[in-house]
file target_7.cif (mmCIF, C-alpha atoms)
data_my_file
#
loop_
_atom_site.group_PDB
_atom_site.id
_atom_site.type_symbol
_atom_site.label_atom_id
_atom_site.label_comp_id
_atom_site.auth_asym_id
_atom_site.auth_seq_id
_atom_site.Cartn_x
_atom_site.Cartn_y
_atom_site.Cartn_z
ATOM 1 C CA MET A 224 83.090 -124.760 55.760
ATOM 2 C CA ASP A 225 83.748 -123.225 59.164
ATOM 3 C CA THR A 226 81.447 -124.214 61.989
ATOM 4 C CA PRO A 227 80.785 -122.233 65.191
ATOM 5 C CA LEU A 228 83.098 -124.605 67.059
ATOM 6 C CA ASP A 229 86.095 -123.867 64.825
ATOM 7 C CA GLY A 230 86.768 -120.701 66.817
ATOM 8 C CA VAL A 231 86.602 -122.383 70.242
ATOM 9 C CA LEU A 232 89.812 -122.930 72.192
ATOM 10 C CA ARG A 233 89.884 -125.542 74.927
ATOM 11 C CA TYR A 234 91.990 -125.196 78.056
ATOM 12 C CA ALA A 235 92.097 -126.996 81.413
ATOM 13 C CA ALA A 236 92.473 -124.665 84.402
ATOM 14 C CA PHE A 237 94.058 -125.308 87.800
ATOM 15 C CA THR A 238 96.373 -127.977 86.456
ATOM 16 C CA ALA A 239 99.754 -128.264 84.784
ATOM 17 C CA THR A 240 98.782 -131.362 82.789
ATOM 18 C CA PRO A 241 95.955 -131.972 80.297
ATOM 19 C CA ASP A 242 94.495 -134.859 82.318
ATOM 20 C CA GLY A 243 93.724 -132.665 85.337
ATOM 21 C CA GLY A 244 91.863 -129.468 86.047
ATOM 22 C CA ASN A 245 88.555 -128.154 84.781
ATOM 23 C CA PRO A 246 88.125 -127.824 81.005
ATOM 24 C CA ALA A 247 86.797 -124.528 79.679
ATOM 25 C CA GLY A 248 85.857 -123.379 76.232
ATOM 26 C CA ILE A 249 87.146 -119.971 75.119
ATOM 27 C CA VAL A 250 86.045 -117.798 72.209
ATOM 28 C CA LEU A 251 88.530 -114.932 71.900
ATOM 29 C CA ASP A 252 86.394 -113.032 69.366
ATOM 30 C CA ALA A 253 82.699 -113.255 70.160
ATOM 31 C CA SER A 254 81.918 -109.697 69.070
ATOM 32 C CA ARG A 255 79.518 -110.875 66.366
ATOM 33 C CA LEU A 256 77.766 -113.569 68.380
ATOM 34 C CA ASP A 257 74.338 -112.982 69.885
ATOM 35 C CA ASP A 258 73.067 -114.648 73.053
ATOM 36 C CA ALA A 259 71.525 -117.584 71.199
ATOM 37 C CA ALA A 260 74.745 -118.276 69.310
ATOM 38 C CA MET A 261 76.849 -118.173 72.489
ATOM 39 C CA GLN A 262 74.429 -120.441 74.279
ATOM 40 C CA GLY A 263 74.447 -122.856 71.370
ATOM 41 C CA ILE A 264 78.240 -123.023 71.308
ATOM 42 C CA ALA A 265 78.452 -123.555 75.077
ATOM 43 C CA THR A 266 75.874 -126.325 74.864
ATOM 44 C CA GLU A 267 77.717 -128.071 72.039
ATOM 45 C CA VAL A 268 81.123 -127.723 73.710
ATOM 46 C CA GLY A 269 79.592 -129.343 76.783
ATOM 47 C CA TYR A 270 82.075 -128.094 79.378
ATOM 48 C CA ALA A 271 80.876 -126.606 82.659
ATOM 49 C CA GLU A 272 81.428 -123.144 81.151
ATOM 50 C CA THR A 273 82.639 -121.458 78.005
ATOM 51 C CA ALA A 274 84.003 -117.893 78.152
ATOM 52 C CA PHE A 275 83.219 -115.422 75.371
ATOM 53 C CA VAL A 276 85.304 -112.295 74.803
ATOM 54 C CA ILE A 277 82.565 -110.030 73.483
ATOM 55 C CA GLU A 278 84.735 -106.909 73.358
ATOM 56 C CA ARG A 279 88.466 -107.299 72.892
ATOM 57 C CA ILE A 280 89.818 -103.770 73.489
ATOM 58 C CA ILE A 281 88.063 -101.370 75.863
ATOM 59 C CA GLY A 282 88.897 -97.687 75.963
ATOM 60 C CA GLY A 283 91.952 -98.205 73.819
ATOM 61 C CA ASP A 284 93.458 -100.617 76.365
ATOM 62 C CA ALA A 285 94.612 -103.733 74.488
ATOM 63 C CA ARG A 286 94.770 -105.703 77.732
ATOM 64 C CA ARG A 287 91.221 -104.936 78.834
ATOM 65 C CA SER A 288 88.357 -107.077 77.558
ATOM 66 C CA ARG A 289 84.692 -107.734 78.241
ATOM 67 C CA LEU A 290 83.678 -111.333 79.031
ATOM 68 C CA ARG A 291 80.495 -113.333 79.380
ATOM 69 C CA TYR A 292 80.158 -116.941 80.508
ATOM 70 C CA PHE A 293 77.694 -119.655 79.501
ATOM 71 C CA SER A 294 77.140 -123.136 80.890
ATOM 72 C CA PRO A 295 75.464 -125.755 78.665
ATOM 73 C CA LEU A 296 72.121 -124.589 80.092
ATOM 74 C CA ALA A 297 72.300 -120.843 80.717
ATOM 75 C CA GLU A 298 74.462 -117.783 81.163
ATOM 76 C CA VAL A 299 76.279 -117.610 84.498
ATOM 77 C CA PRO A 300 77.426 -114.371 86.161
ATOM 78 C CA PHE A 301 81.035 -115.397 86.706
ATOM 79 C CA CYS A 302 83.286 -118.401 86.163
ATOM 80 C CA GLY A 303 86.689 -118.562 87.821
ATOM 81 C CA HIS A 304 88.260 -121.432 85.903
ATOM 82 C CA ALA A 305 87.222 -119.984 82.535
ATOM 83 C CA THR A 306 88.673 -116.628 83.640
ATOM 84 C CA ILE A 307 91.995 -118.289 84.450
ATOM 85 C CA ALA A 308 91.922 -120.178 81.146
ATOM 86 C CA THR A 309 91.100 -117.058 79.101
ATOM 87 C CA ALA A 310 93.893 -115.065 80.735
ATOM 88 C CA VAL A 311 96.410 -117.826 80.025
ATOM 89 C CA ALA A 312 95.246 -118.082 76.400
ATOM 90 C CA LEU A 313 95.685 -114.320 75.969
ATOM 91 C CA ALA A 314 99.043 -114.252 77.765
ATOM 92 C CA GLU A 315 100.376 -116.984 75.490
ATOM 93 C CA ARG A 316 99.553 -114.751 72.539
ATOM 94 C CA GLU A 317 100.329 -111.295 73.939
ATOM 95 C CA GLY A 318 102.824 -111.871 76.715
ATOM 96 C CA GLU A 319 102.552 -112.276 80.463
ATOM 97 C CA GLY A 320 101.459 -109.459 82.723
ATOM 98 C CA ALA A 321 98.200 -107.953 83.883
ATOM 99 C CA PHE A 322 94.821 -108.142 82.164
ATOM 100 C CA HIS A 323 91.517 -106.583 83.139
ATOM 101 C CA PHE A 324 88.242 -108.346 82.412
ATOM 102 C CA ASP A 325 84.904 -106.558 82.629
ATOM 103 C CA THR A 326 82.441 -109.274 83.679
ATOM 104 C CA PRO A 327 78.735 -109.293 84.558
ATOM 105 C CA VAL A 328 79.667 -109.175 88.274
ATOM 106 C CA GLY A 329 82.171 -106.342 87.919
ATOM 107 C CA PRO A 330 85.792 -105.708 86.912
ATOM 108 C CA ILE A 331 88.299 -108.495 87.534
ATOM 109 C CA ARG A 332 92.066 -107.918 87.547
ATOM 110 C CA ILE A 333 94.154 -110.927 86.611
ATOM 111 C CA GLU A 334 97.939 -111.333 86.654
ATOM 112 C CA THR A 335 99.733 -113.853 84.458
ATOM 113 C CA THR A 336 103.275 -115.153 84.710
ATOM 114 C CA VAL A 337 105.369 -118.074 83.493
ATOM 115 C CA GLU A 338 106.622 -120.371 86.235
ATOM 116 C CA GLU A 339 108.868 -123.310 85.287
ATOM 117 C CA GLY A 340 107.558 -123.225 81.759
ATOM 118 C CA VAL A 341 103.878 -123.225 82.783
ATOM 119 C CA MET A 342 101.654 -120.157 82.498
ATOM 120 C CA THR A 343 99.958 -119.293 85.779
ATOM 121 C CA ALA A 344 97.194 -116.762 86.391
ATOM 122 C CA SER A 345 95.784 -115.116 89.513
ATOM 123 C CA PHE A 346 92.460 -113.295 89.571
ATOM 124 C CA THR A 347 91.208 -110.983 92.279
ATOM 125 C CA SER A 348 87.505 -111.466 92.947
ATOM 126 C CA VAL A 349 84.917 -108.828 93.598
ATOM 127 C CA GLU A 350 84.404 -107.948 97.259
ATOM 128 C CA PRO A 351 83.136 -111.116 98.991
ATOM 129 C CA ARG A 352 80.184 -111.251 101.323
ATOM 130 C CA ALA A 353 78.465 -113.944 103.352
ATOM 131 C CA ALA A 354 74.954 -114.646 104.611
ATOM 132 C CA GLU A 355 73.217 -117.145 106.836
ATOM 133 C CA LEU A 356 72.061 -120.359 105.209
ATOM 134 C CA ASP A 357 68.394 -120.888 106.007
ATOM 135 C CA ASP A 358 68.001 -123.826 108.362
ATOM 136 C CA ALA A 359 65.212 -125.450 106.347
ATOM 137 C CA VAL A 360 67.200 -125.090 103.127
ATOM 138 C CA LEU A 361 70.239 -126.628 104.817
ATOM 139 C CA GLY A 362 68.062 -129.528 105.929
ATOM 140 C CA SER A 363 66.840 -130.051 102.363
ATOM 141 C CA LEU A 364 70.398 -129.970 101.037
ATOM 142 C CA LEU A 365 71.675 -132.491 103.576
ATOM 143 C CA ARG A 366 68.780 -134.845 102.848
ATOM 144 C CA LEU A 367 69.653 -134.708 99.143
ATOM 145 C CA LEU A 368 73.229 -135.667 100.055
ATOM 146 C CA GLY A 369 72.012 -138.483 102.304
ATOM 147 C CA VAL A 370 73.702 -137.149 105.450
ATOM 148 C CA ASP A 371 72.583 -135.498 108.660
ATOM 149 C CA ARG A 372 73.980 -132.604 110.670
ATOM 150 C CA THR A 373 76.212 -134.864 112.742
ATOM 151 C CA ALA A 374 78.395 -135.267 109.637
ATOM 152 C CA LEU A 375 79.293 -131.569 109.639
ATOM 153 C CA HIS A 376 82.401 -130.044 111.205
ATOM 154 C CA PRO A 377 81.461 -128.116 114.357
ATOM 155 C CA GLY A 378 84.191 -125.525 113.753
ATOM 156 C CA TYR A 379 82.965 -124.557 110.286
ATOM 157 C CA PRO A 380 79.270 -123.575 110.333
ATOM 158 C CA PRO A 381 77.360 -123.745 107.023
ATOM 159 C CA LEU A 382 76.994 -120.359 105.332
ATOM 160 C CA LEU A 383 76.213 -118.803 101.988
ATOM 161 C CA SER A 384 79.246 -117.089 100.503
ATOM 162 C CA TYR A 385 79.583 -114.806 97.493
ATOM 163 C CA ALA A 386 82.591 -113.712 95.439
ATOM 164 C CA GLY A 387 80.888 -113.505 92.051
ATOM 165 C CA ASN A 388 78.367 -116.315 92.525
ATOM 166 C CA TRP A 389 76.466 -117.444 95.624
ATOM 167 C CA HIS A 390 77.690 -120.791 96.966
ATOM 168 C CA PRO A 391 76.403 -122.670 99.990
ATOM 169 C CA VAL A 392 79.501 -123.823 101.880
ATOM 170 C CA VAL A 393 79.246 -127.030 103.934
ATOM 171 C CA VAL A 394 82.253 -128.552 105.703
ATOM 172 C CA PHE A 395 82.335 -132.248 106.606
ATOM 173 C CA ALA A 396 84.060 -133.506 109.725
ATOM 174 C CA GLU A 397 85.238 -136.896 108.470
ATOM 175 C CA ARG A 398 86.598 -138.266 105.212
ATOM 176 C CA GLU A 399 84.131 -141.173 105.110
ATOM 177 C CA ALA A 400 81.077 -138.929 104.902
ATOM 178 C CA PHE A 401 82.794 -136.502 102.534
ATOM 179 C CA ASP A 402 83.896 -139.223 100.135
ATOM 180 C CA GLY A 403 80.743 -141.265 100.441
ATOM 181 C CA PHE A 404 77.805 -138.932 99.929
ATOM 182 C CA ARG A 405 75.757 -139.308 96.751
ATOM 183 C CA PHE A 406 73.024 -137.147 95.264
ATOM 184 C CA ASP A 407 70.321 -137.041 92.623
ATOM 185 C CA PRO A 408 71.515 -134.431 90.073
ATOM 186 C CA VAL A 409 67.977 -133.534 88.986
ATOM 187 C CA ALA A 410 66.763 -132.968 92.536
ATOM 188 C CA LEU A 411 69.870 -130.985 93.448
ATOM 189 C CA ARG A 412 69.535 -128.807 90.352
ATOM 190 C CA ALA A 413 65.932 -128.098 91.299
ATOM 191 C CA LEU A 414 67.020 -126.949 94.773
ATOM 192 C CA MET A 415 69.820 -124.804 93.336
ATOM 193 C CA ASP A 416 67.482 -123.144 90.856
ATOM 194 C CA ALA A 417 64.871 -122.524 93.538
ATOM 195 C CA GLU A 418 67.480 -120.853 95.763
ATOM 196 C CA GLY A 419 69.149 -118.903 92.950
ATOM 197 C CA TRP A 420 72.530 -120.585 93.394
ATOM 198 C CA ALA A 421 74.193 -119.897 90.041
ATOM 199 C CA GLY A 422 77.490 -121.349 91.244
ATOM 200 C CA THR A 423 78.154 -124.727 92.807
ATOM 201 C CA VAL A 424 77.189 -126.402 96.048
ATOM 202 C CA THR A 425 80.558 -126.264 97.795
ATOM 203 C CA THR A 426 81.419 -129.119 100.132
ATOM 204 C CA LEU A 427 84.753 -129.235 101.936
ATOM 205 C CA ARG A 428 86.834 -131.374 104.225
ATOM 206 C CA ALA A 429 89.463 -129.667 106.349
ATOM 207 C CA ILE A 430 92.879 -131.306 105.954
ATOM 208 C CA GLY A 431 94.505 -128.636 108.118
ATOM 209 C CA PRO A 432 93.907 -124.993 109.023
ATOM 210 C CA HIS A 433 95.187 -123.856 105.613
ATOM 211 C CA GLU A 434 94.378 -126.861 103.418
ATOM 212 C CA PHE A 435 91.084 -128.288 102.237
ATOM 213 C CA GLU A 436 89.691 -130.904 99.915
ATOM 214 C CA ALA A 437 86.632 -129.829 97.924
ATOM 215 C CA ARG A 438 83.771 -131.386 96.028
ATOM 216 C CA ASN A 439 81.803 -128.773 94.109
ATOM 217 C CA LEU A 440 78.448 -130.051 92.943
ATOM 218 C CA PHE A 441 77.260 -128.604 89.643
ATOM 219 C CA PRO A 442 74.603 -130.713 87.909
ATOM 220 C CA VAL A 443 74.344 -129.312 84.390
ATOM 221 C CA GLY A 444 74.019 -131.437 81.272
ATOM 222 C CA ALA A 445 76.243 -134.504 81.616
ATOM 223 C CA ILE A 446 78.220 -132.874 84.461
ATOM 224 C CA THR A 447 77.485 -133.552 88.126
ATOM 225 C CA GLU A 448 80.655 -132.343 89.892
ATOM 226 C CA ASP A 449 83.124 -129.649 88.862
ATOM 227 C CA PRO A 450 86.801 -130.690 88.783
ATOM 228 C CA ALA A 451 87.979 -127.189 89.799
ATOM 229 C CA THR A 452 85.885 -124.149 90.679
ATOM 230 C CA GLY A 453 87.568 -120.760 90.855
ATOM 231 C CA SER A 454 84.469 -118.823 91.901
ATOM 232 C CA ALA A 455 83.848 -121.327 94.696
ATOM 233 C CA ALA A 456 87.477 -121.049 95.815
ATOM 234 C CA ALA A 457 87.074 -117.278 96.056
ATOM 235 C CA SER A 458 83.850 -117.783 97.999
ATOM 236 C CA VAL A 459 85.656 -120.181 100.349
ATOM 237 C CA GLY A 460 88.192 -117.421 100.954
ATOM 238 C CA GLY A 461 85.379 -115.032 101.815
ATOM 239 C CA TYR A 462 83.783 -117.687 104.005
ATOM 240 C CA LEU A 463 87.007 -118.226 105.958
ATOM 241 C CA ARG A 464 87.456 -114.470 106.387
ATOM 242 C CA ARG A 465 83.896 -114.270 107.728
ATOM 243 C CA LEU A 466 84.793 -116.959 110.285
ATOM 244 C CA GLY A 467 87.733 -114.861 111.466
ATOM 245 C CA LEU A 468 90.661 -116.601 109.766
ATOM 246 C CA PRO A 469 93.532 -114.066 109.720
ATOM 247 C CA PRO A 470 95.070 -113.055 106.377
ATOM 248 C CA SER A 471 96.670 -116.154 104.928
ATOM 249 C CA THR A 472 96.967 -118.472 101.944
ATOM 250 C CA VAL A 473 95.063 -121.735 101.736
ATOM 251 C CA VAL A 474 95.304 -124.594 99.260
ATOM 252 C CA ILE A 475 92.236 -126.375 97.907
ATOM 253 C CA HIS A 476 92.501 -129.827 96.328
ATOM 254 C CA GLN A 477 89.593 -130.694 94.060
ATOM 255 C CA GLY A 478 88.702 -133.061 91.245
ATOM 256 C CA THR A 479 89.925 -136.396 92.583
ATOM 257 C CA HIS A 480 86.333 -137.650 92.834
ATOM 258 C CA VAL A 481 85.813 -137.088 89.095
ATOM 259 C CA GLY A 482 89.260 -138.169 87.921
ATOM 260 C CA ARG A 483 90.685 -134.714 87.147
ATOM 261 C CA PRO A 484 92.860 -133.650 90.098
ATOM 262 C CA SER A 485 93.230 -129.902 90.525
ATOM 263 C CA VAL A 486 94.988 -127.473 92.855
ATOM 264 C CA LEU A 487 93.693 -123.981 93.633
ATOM 265 C CA THR A 488 95.656 -121.500 95.738
ATOM 266 C CA VAL A 489 93.557 -118.937 97.609
ATOM 267 C CA THR A 490 95.092 -115.821 99.143
ATOM 268 C CA ILE A 491 92.898 -114.102 101.723
ATOM 269 C CA PRO A 492 93.923 -110.485 102.404
ATOM 270 C CA ALA A 493 92.602 -108.525 105.352
ATOM 271 C CA GLU A 494 90.160 -106.703 103.082
ATOM 272 C CA GLY A 495 89.148 -106.472 99.447
ATOM 273 C CA GLY A 496 88.791 -109.241 96.897
ATOM 274 C CA ILE A 497 90.048 -112.790 97.286
ATOM 275 C CA VAL A 498 92.952 -113.861 95.060
ATOM 276 C CA VAL A 499 92.673 -117.267 93.355
ATOM 277 C CA SER A 500 95.665 -118.677 91.482
ATOM 278 C CA GLY A 501 96.352 -121.626 89.239
ATOM 279 C CA SER A 502 97.923 -122.749 86.003
ATOM 280 C CA ALA A 503 96.213 -123.713 82.764
ATOM 281 C CA VAL A 504 97.153 -125.788 79.727
ATOM 282 C CA ARG A 505 95.721 -126.078 76.257
ATOM 283 C CA LEU A 506 93.751 -129.212 75.415
ATOM 284 C CA ASP A 507 93.479 -131.151 72.211
ATOM 285 C CA PRO A 508 90.188 -130.196 70.439
ATOM 286 C CA SER A 509 88.936 -133.758 70.884
ATOM 287 C CA SER A 510 89.257 -133.532 74.694
#

call {"tool": "encode", "arguments": {"input": "target_7.cif", "output": "structure tokens"}}
result
Amino acid sequence: MDTPLDGVLRYAAFTATPDGGNPAGIVLDASRLDDAAMQGIATEVGYAETAFVIERIIGGDARRSRLRYFSPLAEVPFCGHATIATAVALAEREGEGAFHFDTPVGPIRIETTVEEGVMTASFTSVEPRAAELDDAVLGSLLRLLGVDRTALHPGYPPLLSYAGNWHPVVVFAEREAFDGFRFDPVALRALMDAEGWAGTVTTLRAIGPHEFEARNLFPVGAITEDPATGSAAASVGGYLRRLGLPPSTVVIHQGTHVGRPSVLTVTIPAEGGIVVSGSAVRLDPSS
């Protein structure tokens, strides 16, 4: 007898090998699933997010679909790594090229191509925006991480940044503090829920002007840190634009702290959405 999980594909995004990247569940035909069923599948899959294609062809366009995303706890507005994974899964079946996904945060264009035998996808985010991070909230966040303001990089002020989800962005000055901070997942989740942060808490360390290491904190179920976070990468692009970084491409390394190394490439144009690129590979169902 089929079970709800029989129709779930599993891919790792922002990696070329199955032992890296961020795993995502994908349901390519969720047209008959209600909210409770999608939530139940996402909870049982247990990945940070599962993407559900709730409408496969929109307006007669076979390469335009409608997506929703669920974490093990709740629906989330947007998920970058599951978007990359879904596009790669579709491209493997229908051929490389452009797809359009209608998501709860707006339309997302995504390009797919094969490079050296690996399928790569690039999504363009919604228009990013940034806001000040309340000083008291920043203080609460730093206390939860067990650090003080002297640990932060003076050239990268903390801000809230949005490119589909709101992410607080905090940049550490030194590797020791970045590698060494610890946090209580329950307390951090409570702060995130109170502030309406549906994405991750994004912490960075600048390796160079166009290269960063990231730890994206996402306490949900058994997960505490995300191995690769596409929505956060887009928000980092918006954050850097807000700080005045000229149009450029930056590379974000993530996942080493949780044993799943990932690479995200972020292209920051002068205006418009941020482009986030990476490869994805299919996982064994037992992964």

call {"tool": "resolve_selection", "arguments": {"input": "target_7.cif", "expression": "the PyMOL selection byres ((chain A and resi 251-264) around 12)", "output": "PDB file with C-alpha atoms, in the coordinates of the input"}}
result
ATOM      1  CA  THR A 226      81.447-124.214  61.989  1.00  0.00           C
ATOM      2  CA  PRO A 227      80.785-122.233  65.191  1.00  0.00           C
ATOM      3  CA  LEU A 228      83.098-124.605  67.059  1.00  0.00           C
ATOM      4  CA  ASP A 229      86.095-123.867  64.825  1.00  0.00           C
ATOM      5  CA  GLY A 230      86.768-120.701  66.817  1.00  0.00           C
ATOM      6  CA  VAL A 231      86.602-122.383  70.242  1.00  0.00           C
ATOM      7  CA  LEU A 232      89.812-122.930  72.192  1.00  0.00           C
ATOM      8  CA  ARG A 233      89.884-125.542  74.927  1.00  0.00           C
ATOM      9  CA  GLY A 248      85.857-123.379  76.232  1.00  0.00           C
ATOM     10  CA  ILE A 249      87.146-119.971  75.119  1.00  0.00           C
ATOM     11  CA  VAL A 250      86.045-117.798  72.209  1.00  0.00           C
ATOM     12  CA  ALA A 265      78.452-123.555  75.077  1.00  0.00           C
ATOM     13  CA  THR A 266      75.874-126.325  74.864  1.00  0.00           C
ATOM     14  CA  GLU A 267      77.717-128.071  72.039  1.00  0.00           C
ATOM     15  CA  VAL A 268      81.123-127.723  73.710  1.00  0.00           C
ATOM     16  CA  GLY A 269      79.592-129.343  76.783  1.00  0.00           C
ATOM     17  CA  TYR A 270      82.075-128.094  79.378  1.00  0.00           C
ATOM     18  CA  GLU A 272      81.428-123.144  81.151  1.00  0.00           C
ATOM     19  CA  THR A 273      82.639-121.458  78.005  1.00  0.00           C
ATOM     20  CA  ALA A 274      84.003-117.893  78.152  1.00  0.00           C
ATOM     21  CA  PHE A 275      83.219-115.422  75.371  1.00  0.00           C
ATOM     22  CA  VAL A 276      85.304-112.295  74.803  1.00  0.00           C
ATOM     23  CA  ILE A 277      82.565-110.030  73.483  1.00  0.00           C
ATOM     24  CA  GLU A 278      84.735-106.909  73.358  1.00  0.00           C
ATOM     25  CA  ARG A 279      88.466-107.299  72.892  1.00  0.00           C
ATOM     26  CA  ILE A 280      89.818-103.770  73.489  1.00  0.00           C
ATOM     27  CA  SER A 288      88.357-107.077  77.558  1.00  0.00           C
ATOM     28  CA  ARG A 289      84.692-107.734  78.241  1.00  0.00           C
ATOM     29  CA  LEU A 290      83.678-111.333  79.031  1.00  0.00           C
ATOM     30  CA  ARG A 291      80.495-113.333  79.380  1.00  0.00           C
ATOM     31  CA  TYR A 292      80.158-116.941  80.508  1.00  0.00           C
ATOM     32  CA  PHE A 293      77.694-119.655  79.501  1.00  0.00           C
ATOM     33  CA  SER A 294      77.140-123.136  80.890  1.00  0.00           C
ATOM     34  CA  PRO A 295      75.464-125.755  78.665  1.00  0.00           C
ATOM     35  CA  LEU A 296      72.121-124.589  80.092  1.00  0.00           C
ATOM     36  CA  ALA A 297      72.300-120.843  80.717  1.00  0.00           C
ATOM     37  CA  GLU A 298      74.462-117.783  81.163  1.00  0.00           C
ATOM     38  CA  VAL A 299      76.279-117.610  84.498  1.00  0.00           C
ATOM     39  CA  ALA A 305      87.222-119.984  82.535  1.00  0.00           C
ATOM     40  CA  THR A 306      88.673-116.628  83.640  1.00  0.00           C
ATOM     41  CA  ALA A 308      91.922-120.178  81.146  1.00  0.00           C
ATOM     42  CA  THR A 309      91.100-117.058  79.101  1.00  0.00           C
ATOM     43  CA  ALA A 310      93.893-115.065  80.735  1.00  0.00           C
ATOM     44  CA  VAL A 311      96.410-117.826  80.025  1.00  0.00           C
ATOM     45  CA  ALA A 312      95.246-118.082  76.400  1.00  0.00           C
ATOM     46  CA  LEU A 313      95.685-114.320  75.969  1.00  0.00           C
ATOM     47  CA  ARG A 316      99.553-114.751  72.539  1.00  0.00           C
TER      48      ARG A 316
END

call {"tool": "closest_residue", "arguments": {"input": "target_7.cif", "among": "A:Ile281, A:Pro351, A:Val473, A:Pro442", "to": "Ile430 in chain A", "atoms": "only C-alpha atoms"}}
result
A:Val473

call {"tool": "resolve_selection", "arguments": {"input": "target_7.cif", "expression": "the PyMOL selection byres ((chain A and resi 356-371) around 6)", "output": "PyMOL selection string"}}
result
chain A and resi 355+372-374+382-383+404-406

call {"tool": "write_last_selection", "arguments": {"input": "target_7.cif", "atoms": "C-alpha atoms", "output": "mmCIF file, keeping the file's coordinate frame"}}
result
data_model
loop_
_atom_site.group_PDB
_atom_site.id
_atom_site.type_symbol
_atom_site.label_atom_id
_atom_site.label_comp_id
_atom_site.auth_asym_id
_atom_site.auth_seq_id
_atom_site.Cartn_x
_atom_site.Cartn_y
_atom_site.Cartn_z
ATOM 1 C CA GLU A 355 73.217 -117.145 106.836
ATOM 2 C CA ARG A 372 73.980 -132.604 110.670
ATOM 3 C CA THR A 373 76.212 -134.864 112.742
ATOM 4 C CA ALA A 374 78.395 -135.267 109.637
ATOM 5 C CA LEU A 382 76.994 -120.359 105.332
ATOM 6 C CA LEU A 383 76.213 -118.803 101.988
ATOM 7 C CA PHE A 404 77.805 -138.932 99.929
ATOM 8 C CA ARG A 405 75.757 -139.308 96.751
ATOM 9 C CA PHE A 406 73.024 -137.147 95.264
#

call {"tool": "closest_residue", "arguments": {"input": "target_7.cif", "among": "A:Arg505, A:Arg483, A:Arg465, A:Arg438", "to": "Gly243 in chain A", "atoms": "all atoms listed in the file"}}
result
A:Arg483

call {"tool": "resolve_selection", "arguments": {"input": "target_7.cif", "expression": "the PyMOL selection byres ((chain A and resi 479) around 12)", "output": "list in words"}}
result
Asp242, Gly243, Gly244, Asn245, Asp402, Glu436, Ala437, Arg438, Asn439, Glu448, Asp449, Pro450, Ala451, Ile475, His476, Gln477, Gly478, His480, Val481, Gly482, Arg483, Pro484, Ser485 and Val486 of chain A

call {"tool": "atom_distance", "arguments": {"input": "target_7.cif", "atom1": "CA of Thr336 in chain A", "atom2": "CA of Ser348 in chain A"}}
result
18.2 Å

call {"tool": "residues_around", "arguments": {"input": "target_7.cif", "residues": "Ile491 in chain A", "least_positions_apart": "5", "cutoff": "6 Å", "atoms": "all atoms listed in the file", "output": "list in words"}}
result
Gly460, Pro470, Ser471, Thr472 and Ile497 of chain A

call {"tool": "write_last_selection", "arguments": {"input": "target_7.cif", "atoms": "C-alpha atoms", "output": "PDB file, in the frame of the given file"}}
result
ATOM      1  CA  GLY A 460      88.192-117.421 100.954  1.00  0.00           C
ATOM      2  CA  PRO A 470      95.070-113.055 106.377  1.00  0.00           C
ATOM      3  CA  SER A 471      96.670-116.154 104.928  1.00  0.00           C
ATOM      4  CA  THR A 472      96.967-118.472 101.944  1.00  0.00           C
ATOM      5  CA  ILE A 497      90.048-112.790  97.286  1.00  0.00           C
TER       6      ILE A 497
END

call {"tool": "atom_distance", "arguments": {"input": "target_7.cif", "atom1": "CA of Ala239 in chain A", "atom2": "CA of Asp507 in chain A"}}
result
14.3 Å

call {"tool": "residues_around", "arguments": {"input": "target_7.cif", "residues": "Ala354 in chain A", "least_positions_apart": "4", "cutoff": "12 Å", "atoms": "only C-alpha atoms", "output": "list in words"}}
result
Pro380, Pro381, Leu382, Leu383, Ser384, Tyr385, Ala386, Trp389, His390, Pro391, Val392, Ser458, Gly461, Tyr462, Arg465 and Leu466 of chain A

call {"tool": "closest_residue", "arguments": {"input": "target_7.cif", "among": "A:Gly501, A:Pro469, A:Pro330, A:Pro408", "to": "Val489 in chain A", "atoms": "only C-alpha atoms"}}
result
A:Gly501

call {"tool": "closest_residue", "arguments": {"input": "target_7.cif", "among": "A:Thr347, A:Asn388, A:Thr423, A:Ser502", "to": "Thr490 in chain A", "atoms": "only C-alpha atoms"}}
result
A:Thr347

call {"tool": "build_atoms", "arguments": {"input": "target_7.cif", "residues": "range 486-493 of chain A", "atoms": "N, CA and C atoms", "output": "mmCIF file, in the coordinates of the input"}}
result
data_model
loop_
_atom_site.group_PDB
_atom_site.id
_atom_site.type_symbol
_atom_site.label_atom_id
_atom_site.label_comp_id
_atom_site.auth_asym_id
_atom_site.auth_seq_id
_atom_site.Cartn_x
_atom_site.Cartn_y
_atom_site.Cartn_z
ATOM 1 N N VAL A 486 94.489 -128.199 91.692
ATOM 2 C CA VAL A 486 94.988 -127.473 92.855
ATOM 3 C C VAL A 486 94.696 -125.990 92.659
ATOM 4 N N LEU A 487 94.028 -125.397 93.657
ATOM 5 C CA LEU A 487 93.693 -123.981 93.633
ATOM 6 C C LEU A 487 94.326 -123.323 94.855
ATOM 7 N N THR A 488 95.035 -122.236 94.643
ATOM 8 C CA THR A 488 95.656 -121.500 95.738
ATOM 9 C C THR A 488 94.843 -120.237 95.987
ATOM 10 N N VAL A 489 94.450 -120.031 97.241
ATOM 11 C CA VAL A 489 93.557 -118.937 97.609
ATOM 12 C C VAL A 489 94.266 -118.038 98.622
ATOM 13 N N THR A 490 94.472 -116.791 98.247
ATOM 14 C CA THR A 490 95.092 -115.821 99.143
ATOM 15 C C THR A 490 94.006 -114.918 99.706
ATOM 16 N N ILE A 491 93.956 -114.831 101.035
ATOM 17 C CA ILE A 491 92.898 -114.102 101.723
ATOM 18 C C ILE A 491 93.514 -112.870 102.380
ATOM 19 N N PRO A 492 93.405 -111.697 101.770
ATOM 20 C CA PRO A 492 93.923 -110.485 102.404
ATOM 21 C C PRO A 492 92.984 -110.016 103.517
ATOM 22 N N ALA A 493 93.413 -109.037 104.252
ATOM 23 C CA ALA A 493 92.602 -108.525 105.352
ATOM 24 C C ALA A 493 91.311 -107.886 104.849
#
